[in-house]
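Student: Quick one, data16.pdb (PDB, C-alpha atoms):
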ATOM      1  CA  MET A   1       4.404 -19.263  -5.678
ATOM      2  CA  LYS A   2       2.604 -16.585  -3.763
ATOM      3  CA  GLN A   3      -0.791 -15.377  -4.883
ATOM      4  CA  PHE A   4      -0.181 -11.877  -3.570
ATOM      5  CA  GLU A   5       3.280 -10.487  -3.685
ATOM      6  CA  ILE A   6       5.337  -7.332  -3.212
ATOM      7  CA  THR A   7       8.599  -7.662  -5.105
ATOM      8  CA  THR A   8      11.667  -5.643  -6.025
ATOM      9  CA  GLU A   9      12.167  -7.773  -9.152
ATOM     10  CA  GLU A  10      10.878  -7.149 -12.669
ATOM     11  CA  ILE A  11       7.383  -8.567 -13.159
ATOM     12  CA  SER A  12       6.619 -10.939 -16.012
ATOM     13  CA  VAL A  13       2.948 -10.817 -17.011
ATOM     14  CA  ASP A  14       3.252 -14.299 -18.518
ATOM     15  CA  GLN A  15       4.531 -15.739 -15.269
ATOM     16  CA  VAL A  16       1.686 -14.184 -13.280
ATOM     17  CA  VAL A  17      -0.870 -15.533 -15.773
ATOM     18  CA  ALA A  18       0.808 -18.960 -15.712
ATOM     19  CA  ARG A  19       0.099 -19.145 -11.975
ATOM     20  CA  LEU A  20      -3.623 -19.175 -12.818
ATOM     21  CA  ALA A  21      -3.368 -22.355 -14.893
ATOM     22  CA  ASP A  22      -6.504 -24.373 -14.164
ATOM     23  CA  PRO A  23      -8.510 -26.594 -16.531
ATOM     24  CA  GLY A  24     -11.767 -25.135 -15.187
ATOM     25  CA  SER A  25     -10.955 -21.611 -16.372
ATOM     26  CA  GLY A  26     -12.033 -20.339 -19.779
ATOM     27  CA  ALA A  27     -11.179 -16.675 -19.302
ATOM     28  CA  VAL A  28      -8.196 -14.840 -17.869
ATOM     29  CA  VAL A  29      -8.115 -11.044 -17.729
ATOM     30  CA  THR A  30      -5.151  -8.932 -16.699
ATOM     31  CA  PHE A  31      -4.510  -5.353 -15.707
ATOM     32  CA  VAL A  32      -0.940  -4.183 -16.249
ATOM     33  CA  GLY A  33       0.031  -0.875 -14.645
ATOM     34  CA  VAL A  34       2.992   0.739 -16.406
ATOM     35  CA  VAL A  35       5.138   3.769 -15.515
ATOM     36  CA  ARG A  36       4.014   6.714 -17.655
ATOM     37  CA  GLY A  37       6.566   9.172 -19.026
ATOM     38  CA  THR A  38       4.654  12.389 -18.345
ATOM     39  CA  THR A  39       2.285  13.609 -15.632
ATOM     40  CA  GLU A  40       0.600  16.992 -15.659
ATOM     41  CA  GLY A  41       3.230  18.503 -17.912
ATOM     42  CA  HIS A  42       6.214  17.085 -16.032
ATOM     43  CA  GLU A  43       8.636  14.775 -17.738
ATOM     44  CA  VAL A  44       9.117  11.773 -15.461
ATOM     45  CA  ARG A  45      12.701  10.543 -14.943
ATOM     46  CA  TYR A  46      11.685   7.567 -12.810
ATOM     47  CA  LEU A  47       9.272   6.513 -10.043
ATOM     48  CA  GLU A  48      10.240   5.370  -6.590
ATOM     49  CA  TYR A  49       7.697   2.959  -5.075
ATOM     50  CA  GLU A  50       7.674   2.248  -1.361
ATOM     51  CA  ALA A  51       5.496  -0.201   0.576
ATOM     52  CA  TYR A  52       4.728  -1.392   4.056
ATOM     53  CA  PRO A  53       5.364  -4.854   2.644
ATOM     54  CA  GLU A  54       3.851  -7.104   5.330
ATOM     55  CA  MET A  55       0.623  -5.094   5.508
ATOM     56  CA  ALA A  56       0.518  -4.622   1.717
ATOM     57  CA  GLN A  57       0.590  -8.383   1.290
ATOM     58  CA  ASP A  58      -2.189  -8.806   3.871
ATOM     59  CA  THR A  59      -4.376  -6.150   2.218
ATOM     60  CA  LEU A  60      -3.855  -7.655  -1.253
ATOM     61  CA  GLN A  61      -4.978 -10.972   0.217
ATOM     62  CA  GLN A  62      -8.018  -9.189   1.665
ATOM     63  CA  ILE A  63      -8.886  -7.774  -1.776
ATOM     64  CA  GLY A  64      -8.644 -11.308  -3.184
ATOM     65  CA  ASP A  65     -11.009 -12.549  -0.459
ATOM     66  CA  GLU A  66     -13.442  -9.687  -1.154
ATOM     67  CA  ILE A  67     -13.498 -10.529  -4.865
ATOM     68  CA  ARG A  68     -14.188 -14.201  -4.229
ATOM     69  CA  ALA A  69     -16.970 -13.323  -1.806
ATOM     70  CA  ARG A  70     -18.569 -10.891  -4.267
ATOM     71  CA  TRP A  71     -18.154 -12.752  -7.539
ATOM     72  CA  HIS A  72     -18.545 -16.480  -7.058
ATOM     73  CA  THR A  73     -17.602 -17.112 -10.678
ATOM     74  CA  ILE A  74     -14.001 -15.937 -10.106
ATOM     75  CA  ARG A  75     -11.677 -18.923  -9.724
ATOM     76  CA  GLY A  76      -8.230 -17.388  -9.313
ATOM     77  CA  VAL A  77      -6.812 -14.005  -8.251
ATOM     78  CA  LYS A  78      -3.127 -13.036  -8.457
ATOM     79  CA  ILE A  79      -1.706  -9.612  -7.696
ATOM     80  CA  VAL A  80       1.982  -8.699  -7.893
ATOM     81  CA  HIS A  81       3.218  -5.170  -7.188
ATOM     82  CA  ARG A  82       6.792  -4.053  -7.711
ATOM     83  CA  ILE A  83       8.544  -1.551  -5.435
ATOM     84  CA  GLY A  84      11.827   0.339  -5.641
ATOM     85  CA  ARG A  85      13.012   2.466  -8.554
ATOM     86  CA  LEU A  86      11.068   1.944 -11.795
ATOM     87  CA  GLN A  87      11.885   3.460 -15.166
ATOM     88  CA  VAL A  88       9.339   4.758 -17.677
ATOM     89  CA  GLY A  89       7.686   1.829 -19.466
ATOM     90  CA  GLU A  90       8.372  -0.708 -16.708
ATOM     91  CA  THR A  91       5.568  -2.731 -15.154
ATOM     92  CA  ALA A  92       4.559  -1.628 -11.651
ATOM     93  CA  VAL A  93       1.609  -3.932 -11.042
ATOM     94  CA  VAL A  94      -0.067  -6.961 -12.572
ATOM     95  CA  ILE A  95      -3.520  -8.134 -11.556
ATOM     96  CA  ALA A  96      -4.780 -11.349 -13.136
ATOM     97  CA  LEU A  97      -8.161 -12.995 -12.612
ATOM     98  CA  SER A  98      -9.538 -16.228 -13.987
ATOM     99  CA  ALA A  99     -13.089 -17.483 -14.350
ATOM    100  CA  ALA A 100     -14.959 -20.257 -16.069
ATOM    101  CA  HIS A 101     -16.614 -17.711 -18.384
ATOM    102  CA  ARG A 102     -15.945 -14.083 -19.247
ATOM    103  CA  SER A 103     -19.054 -12.580 -17.662
ATOM    104  CA  GLN A 104     -18.329 -10.447 -14.574
ATOM    105  CA  VAL A 105     -14.584 -10.935 -14.762
ATOM    106  CA  PHE A 106     -14.086  -7.374 -16.067
ATOM    107  CA  ASP A 107     -16.121  -5.914 -13.200
ATOM    108  CA  ALA A 108     -14.011  -7.858 -10.716
ATOM    109  CA  LEU A 109     -10.790  -6.641 -12.335
ATOM    110  CA  ARG A 110     -11.941  -3.032 -12.138
ATOM    111  CA  TYR A 111     -12.801  -3.544  -8.481
ATOM    112  CA  ALA A 112      -9.339  -5.007  -7.802
ATOM    113  CA  ILE A 113      -7.353  -2.083  -9.202
ATOM    114  CA  ASP A 114      -9.639   0.551  -7.651
ATOM    115  CA  ARG A 115      -9.360  -1.126  -4.257
ATOM    116  CA  LEU A 116      -5.594  -1.491  -4.566
ATOM    117  CA  LYS A 117      -5.134   2.212  -5.292
ATOM    118  CA  ALA A 118      -7.372   3.309  -2.410
ATOM    119  CA  PHE A 119      -6.389   0.902   0.303
ATOM    120  CA  VAL A 120      -3.067  -0.964  -0.054
ATOM    121  CA  PRO A 121      -0.127   0.709   1.749
ATOM    122  CA  ILE A 122       2.032   1.476  -1.280
ATOM    123  CA  TRP A 123       3.302   4.944  -2.188
ATOM    124  CA  LYS A 124       4.960   6.407  -5.240
ATOM    125  CA  LYS A 125       7.274   9.329  -5.635
ATOM    126  CA  GLU A 126       7.489  10.879  -9.064
ATOM    127  CA  VAL A 127      10.938  12.183  -9.812
ATOM    128  CA  TRP A 128      10.977  14.748 -12.616
ATOM    129  CA  ALA A 129      13.835  16.589 -14.274
ATOM    130  CA  ASP A 130      12.845  19.658 -12.176
ATOM    131  CA  GLY A 131      11.602  18.248  -8.856
ATOM    132  CA  ALA A 132       9.815  15.378  -7.143
ATOM    133  CA  GLU A 133       6.506  14.680  -5.417
ATOM    134  CA  TRP A 134       4.807  11.881  -3.482
ATOM    135  CA  ARG A 135       1.480  11.193  -5.238
ATOM    136  CA  SER A 136      -1.727   9.635  -4.036
ATOM    137  CA  GLU A 137      -5.196   9.021  -5.406
ATOM    138  CA  ARG A 138      -6.385  11.958  -3.343
ATOM    139  CA  GLY A 139      -3.990  14.318  -5.100
ATOM    140  CA  PRO A 140      -0.770  15.884  -3.853
ATOM    141  CA  GLU A 141      -0.348  16.192  -0.113
TER     142      GLU A 141
ATOM    143  CA  MET B   1       3.305   2.478  39.484
ATOM    144  CA  GLU B   2       5.214   5.365  38.018
ATOM    145  CA  ASN B   3       7.572   3.242  35.926
ATOM    146  CA  GLU B   4       4.748   1.263  34.372
ATOM    147  CA  LYS B   5       4.988   2.074  30.667
ATOM    148  CA  ILE B   6       4.140   0.406  27.413
ATOM    149  CA  CYS B   7       6.603   0.242  24.545
ATOM    150  CA  VAL B   8       5.473   0.589  20.923
ATOM    151  CA  ARG B   9       7.304   0.638  17.606
ATOM    152  CA  VAL B  10       6.153   3.414  15.239
ATOM    153  CA  LYS B  11       6.781   3.172  11.500
ATOM    154  CA  PHE B  12       6.753   5.998   8.926
ATOM    155  CA  PHE B  13       6.519   5.906   5.153
ATOM    156  CA  ALA B  14       6.814   8.132   2.087
ATOM    157  CA  ALA B  15       6.721  11.928   2.602
ATOM    158  CA  PRO B  16       6.550  11.955   6.428
ATOM    159  CA  ARG B  17       9.356   9.379   6.576
ATOM    160  CA  GLU B  18      11.526  11.637   4.432
ATOM    161  CA  ALA B  19      10.643  14.712   6.489
ATOM    162  CA  LEU B  20      11.495  12.888   9.702
ATOM    163  CA  GLY B  21      14.682  11.299   8.377
ATOM    164  CA  VAL B  22      13.941   7.901   9.960
ATOM    165  CA  GLY B  23      11.570   5.058   9.093
ATOM    166  CA  GLU B  24      10.817   3.925  12.621
ATOM    167  CA  MET B  25      11.235   4.696  16.291
ATOM    168  CA  GLU B  26      10.471   3.053  19.610
ATOM    169  CA  LEU B  27       8.454   5.015  22.144
ATOM    170  CA  GLU B  28       7.531   4.486  25.790
ATOM    171  CA  LEU B  29       4.010   5.646  26.542
ATOM    172  CA  PRO B  30       1.680   5.673  29.526
ATOM    173  CA  PRO B  31      -0.758   2.740  29.560
ATOM    174  CA  GLY B  32      -4.090   3.720  28.018
ATOM    175  CA  THR B  33      -2.543   5.944  25.342
ATOM    176  CA  THR B  34      -4.796   6.160  22.271
ATOM    177  CA  VAL B  35      -3.702   6.395  18.652
ATOM    178  CA  GLU B  36      -4.948   9.986  18.631
ATOM    179  CA  ALA B  37      -2.839  10.878  21.672
ATOM    180  CA  LEU B  38       0.217   9.285  20.098
ATOM    181  CA  ILE B  39      -0.243  11.306  16.886
ATOM    182  CA  ASP B  40      -0.710  14.504  18.938
ATOM    183  CA  GLN B  41       2.460  13.724  20.855
ATOM    184  CA  LEU B  42       4.449  13.016  17.687
ATOM    185  CA  THR B  43       3.268  16.285  16.150
ATOM    186  CA  ARG B  44       4.496  18.173  19.225
ATOM    187  CA  THR B  45       7.831  16.390  19.561
ATOM    188  CA  HIS B  46       8.528  16.330  15.801
ATOM    189  CA  PRO B  47       7.068  19.507  14.254
ATOM    190  CA  VAL B  48       8.277  18.437  10.789
ATOM    191  CA  LEU B  49       5.367  15.972  10.855
ATOM    192  CA  ARG B  50       2.777  18.726  11.221
ATOM    193  CA  PRO B  51       1.917  19.072   7.493
ATOM    194  CA  TYR B  52       1.178  15.345   7.285
ATOM    195  CA  THR B  53      -0.504  14.220  10.478
ATOM    196  CA  ARG B  54      -4.045  15.279   9.631
ATOM    197  CA  PHE B  55      -3.968  13.141   6.465
ATOM    198  CA  ILE B  56      -2.511  10.096   8.183
ATOM    199  CA  ASN B  57      -4.343   6.802   8.613
ATOM    200  CA  VAL B  58      -3.033   4.510  11.291
ATOM    201  CA  ALA B  59      -2.557   0.755  11.289
ATOM    202  CA  VAL B  60      -1.830  -1.246  14.410
ATOM    203  CA  ASN B  61      -0.247  -4.650  13.867
ATOM    204  CA  ARG B  62      -0.932  -4.303  10.123
ATOM    205  CA  ALA B  63      -4.651  -3.512  10.272
ATOM    206  CA  TYR B  64      -6.282  -0.090   9.870
ATOM    207  CA  VAL B  65      -7.699   1.196  13.179
ATOM    208  CA  GLY B  66      -9.677   4.181  14.438
ATOM    209  CA  MET B  67      -8.073   7.113  16.271
ATOM    210  CA  GLN B  68      -9.646   6.109  19.593
ATOM    211  CA  THR B  69      -7.950   2.702  19.635
ATOM    212  CA  THR B  70      -5.965   2.108  22.817
ATOM    213  CA  LEU B  71      -2.378   1.006  22.257
ATOM    214  CA  GLN B  72      -0.968  -2.108  23.911
ATOM    215  CA  ASP B  73       2.581  -2.988  24.901
ATOM    216  CA  GLY B  74       4.488  -4.348  21.905
ATOM    217  CA  ASP B  75       2.175  -2.884  19.237
ATOM    218  CA  GLU B  76       3.549  -2.032  15.817
ATOM    219  CA  VAL B  77       1.959   1.301  14.881
ATOM    220  CA  ALA B  78       2.212   2.492  11.273
ATOM    221  CA  CYS B  79       1.555   6.095  10.194
ATOM    222  CA  LEU B  80       0.215   5.782   6.654
ATOM    223  CA  PRO B  81      -0.073   8.864   4.450
ATOM    224  CA  PRO B  82      -2.611   8.678   1.580
ATOM    225  CA  VAL B  83      -1.652   5.644  -0.497
ATOM    226  CA  GLY B  84      -0.954   5.680  -4.210
ATOM    227  CA  GLY B  85       0.056   2.323  -5.601
ATOM    228  CA  GLY B  86      -0.707   1.000  -9.057
TER     229      GLY B  86
END
With the file now loaded, output its structure as structure tokens.
Tutor:
Amino acid sequence: MKQFEITTEEISVDQVVARLADPGSGAVVTFVGVVRGTTEGHEVRYLEYEAYPEMAQDTLQQIGDEIRARWHTIRGVKIVHRIGRLQVGETAVVIALSAAHRSQVFDALRYAIDRLKAFVPIWKKEVWADGAEWRSERGPE
Amino acid sequence: MENEKICVRVKFFAAPREALGVGEMELELPPGTTVEALIDQLTRTHPVLRPYTRFINVAVNRAYVGMQTTLQDGDEVACLPPVGGG
């Protein structure tokens, strides 16, 4: 299975975590990004995620490489991001990291999600009952 | 030679893709064309892109590049509006 993946299928957190199985790891931490039902007063009907899939996969791999270079205690990194139409409550992204011990693994996880949001070519369109908008970390275009 | 041109594939995503109505196009350009010149040209030939082009980052062959990068024949150029995954 791929370590870094863009998929149109539902994501199972358990399956992502299972890919980190390794007798040397004593700690696994996960970030699960879920579609929220309201943003800034709008009721969200669904989100439409779009990616530049080949480059998104390469940049996720790059984030994995950066984490391993920065935190030598991290043993495994898996990132799966879903694209297409997602309903409220569905999982959009799972990031899972493993390490021998828990120290530093939270810092690395925080780094992974911040980097993903700033750098990986994935976009989301919020579709509300009364309109729609492409959103980015830098605010509306 | 006057018919010496390079051919590049340009990809669009998210809001500018919707505004344009297509996700990619092939363009013939003079050799030596920079990313910046390509974006200027696209803004002139497709005015619907105007609201987006100043926020666009560009990737060539799947890696972010600067605006002064010179394009080569066969390049895949991606116009990337501000990203927002997660």
Student: How many Å separate atom CA of A:Val32 from atom CA of A:Val93?
Tutor: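 Between these atoms lies a distance of 5.8 Å.
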Student: Give as an MDAnalysis selection string the set of residues within 9 Å of the point (2.8, -5.4, 23.9), where distances use the file's coordinates and all atoms listed in the file.
Tutor: chainID B and resid 6:8 71:76
Student: If we count all atoms listed in the file, what is near B:Ala59 at a cut-off of 10 Å, once residues fewer than 4 positions away on the same chain are taken out, given as a PyMOL selection string?
Tutor: (chain A and resi 55+121) or (chain B and resi 10-11+35+63-67+75-80)
Student: Keeping only C-alpha atoms, write the selected residues to a file as a short mmCIF file (atom, residue, chain, number, x, y, z; two decimals), in the frame of the given file.
Tutor:
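To be explicit, this is the file written out as selection13.cif:
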data_model
loop_
_atom_site.label_atom_id
_atom_site.label_comp_id
_atom_site.auth_asym_id
_atom_site.auth_seq_id
_atom_site.Cartn_x
_atom_site.Cartn_y
_atom_site.Cartn_z
CA MET A 55 0.62 -5.09 5.51
CA PRO A 121 -0.13 0.71 1.75
CA VAL B 10 6.15 3.41 15.24
CA LYS B 11 6.78 3.17 11.50
CA VAL B 35 -3.70 6.40 18.65
CA ALA B 63 -4.65 -3.51 10.27
CA TYR B 64 -6.28 -0.09 9.87
CA VAL B 65 -7.70 1.20 13.18
CA GLY B 66 -9.68 4.18 14.44
CA MET B 67 -8.07 7.11 16.27
CA ASP B 75 2.17 -2.88 19.24
CA GLU B 76 3.55 -2.03 15.82
CA VAL B 77 1.96 1.30 14.88
CA ALA B 78 2.21 2.49 11.27
CA CYS B 79 1.56 6.10 10.19
CA LEU B 80 0.22 5.78 6.65
#
Student: Written as a tab-separated table (two decimals) with C-alpha atoms, in the frame of the given file, what is the full residue list that the PyMOL selection byres ((chain A) within 8 of (chain B)) yields on the file shown?
Tutor:
chain	number	residue	atom	x	y	z
A	33	GLY	CA	0.03	-0.88	-14.64
A	49	TYR	CA	7.70	2.96	-5.08
A	50	GLU	CA	7.67	2.25	-1.36
A	51	ALA	CA	5.50	-0.20	0.58
A	52	TYR	CA	4.73	-1.39	4.06
A	54	GLU	CA	3.85	-7.10	5.33
A	55	MET	CA	0.62	-5.09	5.51
A	58	ASP	CA	-2.19	-8.81	3.87
A	81	HIS	CA	3.22	-5.17	-7.19
A	92	ALA	CA	4.56	-1.63	-11.65
A	93	VAL	CA	1.61	-3.93	-11.04
A	113	ILE	CA	-7.35	-2.08	-9.20
A	116	LEU	CA	-5.59	-1.49	-4.57
A	117	LYS	CA	-5.13	2.21	-5.29
A	118	ALA	CA	-7.37	3.31	-2.41
A	119	PHE	CA	-6.39	0.90	0.30
A	120	VAL	CA	-3.07	-0.96	-0.05
A	121	PRO	CA	-0.13	0.71	1.75
A	122	ILE	CA	2.03	1.48	-1.28
A	123	TRP	CA	3.30	4.94	-2.19
A	124	LYS	CA	4.96	6.41	-5.24
A	125	LYS	CA	7.27	9.33	-5.64
A	134	TRP	CA	4.81	11.88	-3.48
A	135	ARG	CA	1.48	11.19	-5.24
A	136	SER	CA	-1.73	9.64	-4.04
A	137	GLU	CA	-5.20	9.02	-5.41
A	138	ARG	CA	-6.38	11.96	-3.34
A	141	GLU	CA	-0.35	16.19	-0.11
Student: Run through the PyMOL selection byres ((chain A and resi 63-72) around 10) on the given coordinates and return the selected residues as JSON, numbers by chain.
Tutor: {"A": [3, 4, 57, 58, 59, 60, 61, 62, 73, 74, 75, 76, 77, 78, 79, 97, 99, 104, 105, 107, 108, 109, 111, 112, 113, 115, 116, 119, 120]}
Student: Save the residues we just selected, C-alpha atoms, as a PDB file, in the coordinates of the input?
Tutor:
ATOM      1  CA  GLN A   3      -0.791 -15.377  -4.883  1.00  0.00           C
ATOM      2  CA  PHE A   4      -0.181 -11.877  -3.570  1.00  0.00           C
ATOM      3  CA  GLN A  57       0.590  -8.383   1.290  1.00  0.00           C
ATOM      4  CA  ASP A  58      -2.189  -8.806   3.871  1.00  0.00           C
ATOM      5  CA  THR A  59      -4.376  -6.150   2.218  1.00  0.00           C
ATOM      6  CA  LEU A  60      -3.855  -7.655  -1.253  1.00  0.00           C
ATOM      7  CA  GLN A  61      -4.978 -10.972   0.217  1.00  0.00           C
ATOM      8  CA  GLN A  62      -8.018  -9.189   1.665  1.00  0.00           C
ATOM      9  CA  THR A  73     -17.602 -17.112 -10.678  1.00  0.00           C
ATOM     10  CA  ILE A  74     -14.001 -15.937 -10.106  1.00  0.00           C
ATOM     11  CA  ARG A  75     -11.677 -18.923  -9.724  1.00  0.00           C
ATOM     12  CA  GLY A  76      -8.230 -17.388  -9.313  1.00  0.00           C
ATOM     13  CA  VAL A  77      -6.812 -14.005  -8.251  1.00  0.00           C
ATOM     14  CA  LYS A  78      -3.127 -13.036  -8.457  1.00  0.00           C
ATOM     15  CA  ILE A  79      -1.706  -9.612  -7.696  1.00  0.00           C
ATOM     16  CA  LEU A  97      -8.161 -12.995 -12.612  1.00  0.00           C
ATOM     17  CA  ALA A  99     -13.089 -17.483 -14.350  1.00  0.00           C
ATOM     18  CA  GLN A 104     -18.329 -10.447 -14.574  1.00  0.00           C
ATOM     19  CA  VAL A 105     -14.584 -10.935 -14.762  1.00  0.00           C
ATOM     20  CA  ASP A 107     -16.121  -5.914 -13.200  1.00  0.00           C
ATOM     21  CA  ALA A 108     -14.011  -7.858 -10.716  1.00  0.00           C
ATOM     22  CA  LEU A 109     -10.790  -6.641 -12.335  1.00  0.00           C
ATOM     23  CA  TYR A 111     -12.801  -3.544  -8.481  1.00  0.00           C
ATOM     24  CA  ALA A 112      -9.339  -5.007  -7.802  1.00  0.00           C
ATOM     25  CA  ILE A 113      -7.353  -2.083  -9.202  1.00  0.00           C
ATOM     26  CA  ARG A 115      -9.360  -1.126  -4.257  1.00  0.00           C
ATOM     27  CA  LEU A 116      -5.594  -1.491  -4.566  1.00  0.00           C
ATOM     28  CA  PHE A 119      -6.389   0.902   0.303  1.00  0.00           C
ATOM     29  CA  VAL A 120      -3.067  -0.964  -0.054  1.00  0.00           C
TER      30      VAL A 120
END
Student: So the first atom is atom CA of B:Val48 and the second is atom CA of B:Leu20; what is the distance between them in Å, to one decimal place?
Tutor: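 Between atom CA of B:Val48 and atom CA of B:Leu20 the gap works out to 6.5 Å.
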Student: If I take atom CA of A:Leu86 and atom CA of A:Ile6, how far is one from the other in Å, to one decimal?
Tutor: 13.9 Å
Student: Using all atoms listed in the file for the distances, tell me which of A:Trp128, A:Tyr46, A:Phe31, A:Phe106 is nearest to A:Val17.
Tutor: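 The closest residue to A:Val17 is A:Phe31.
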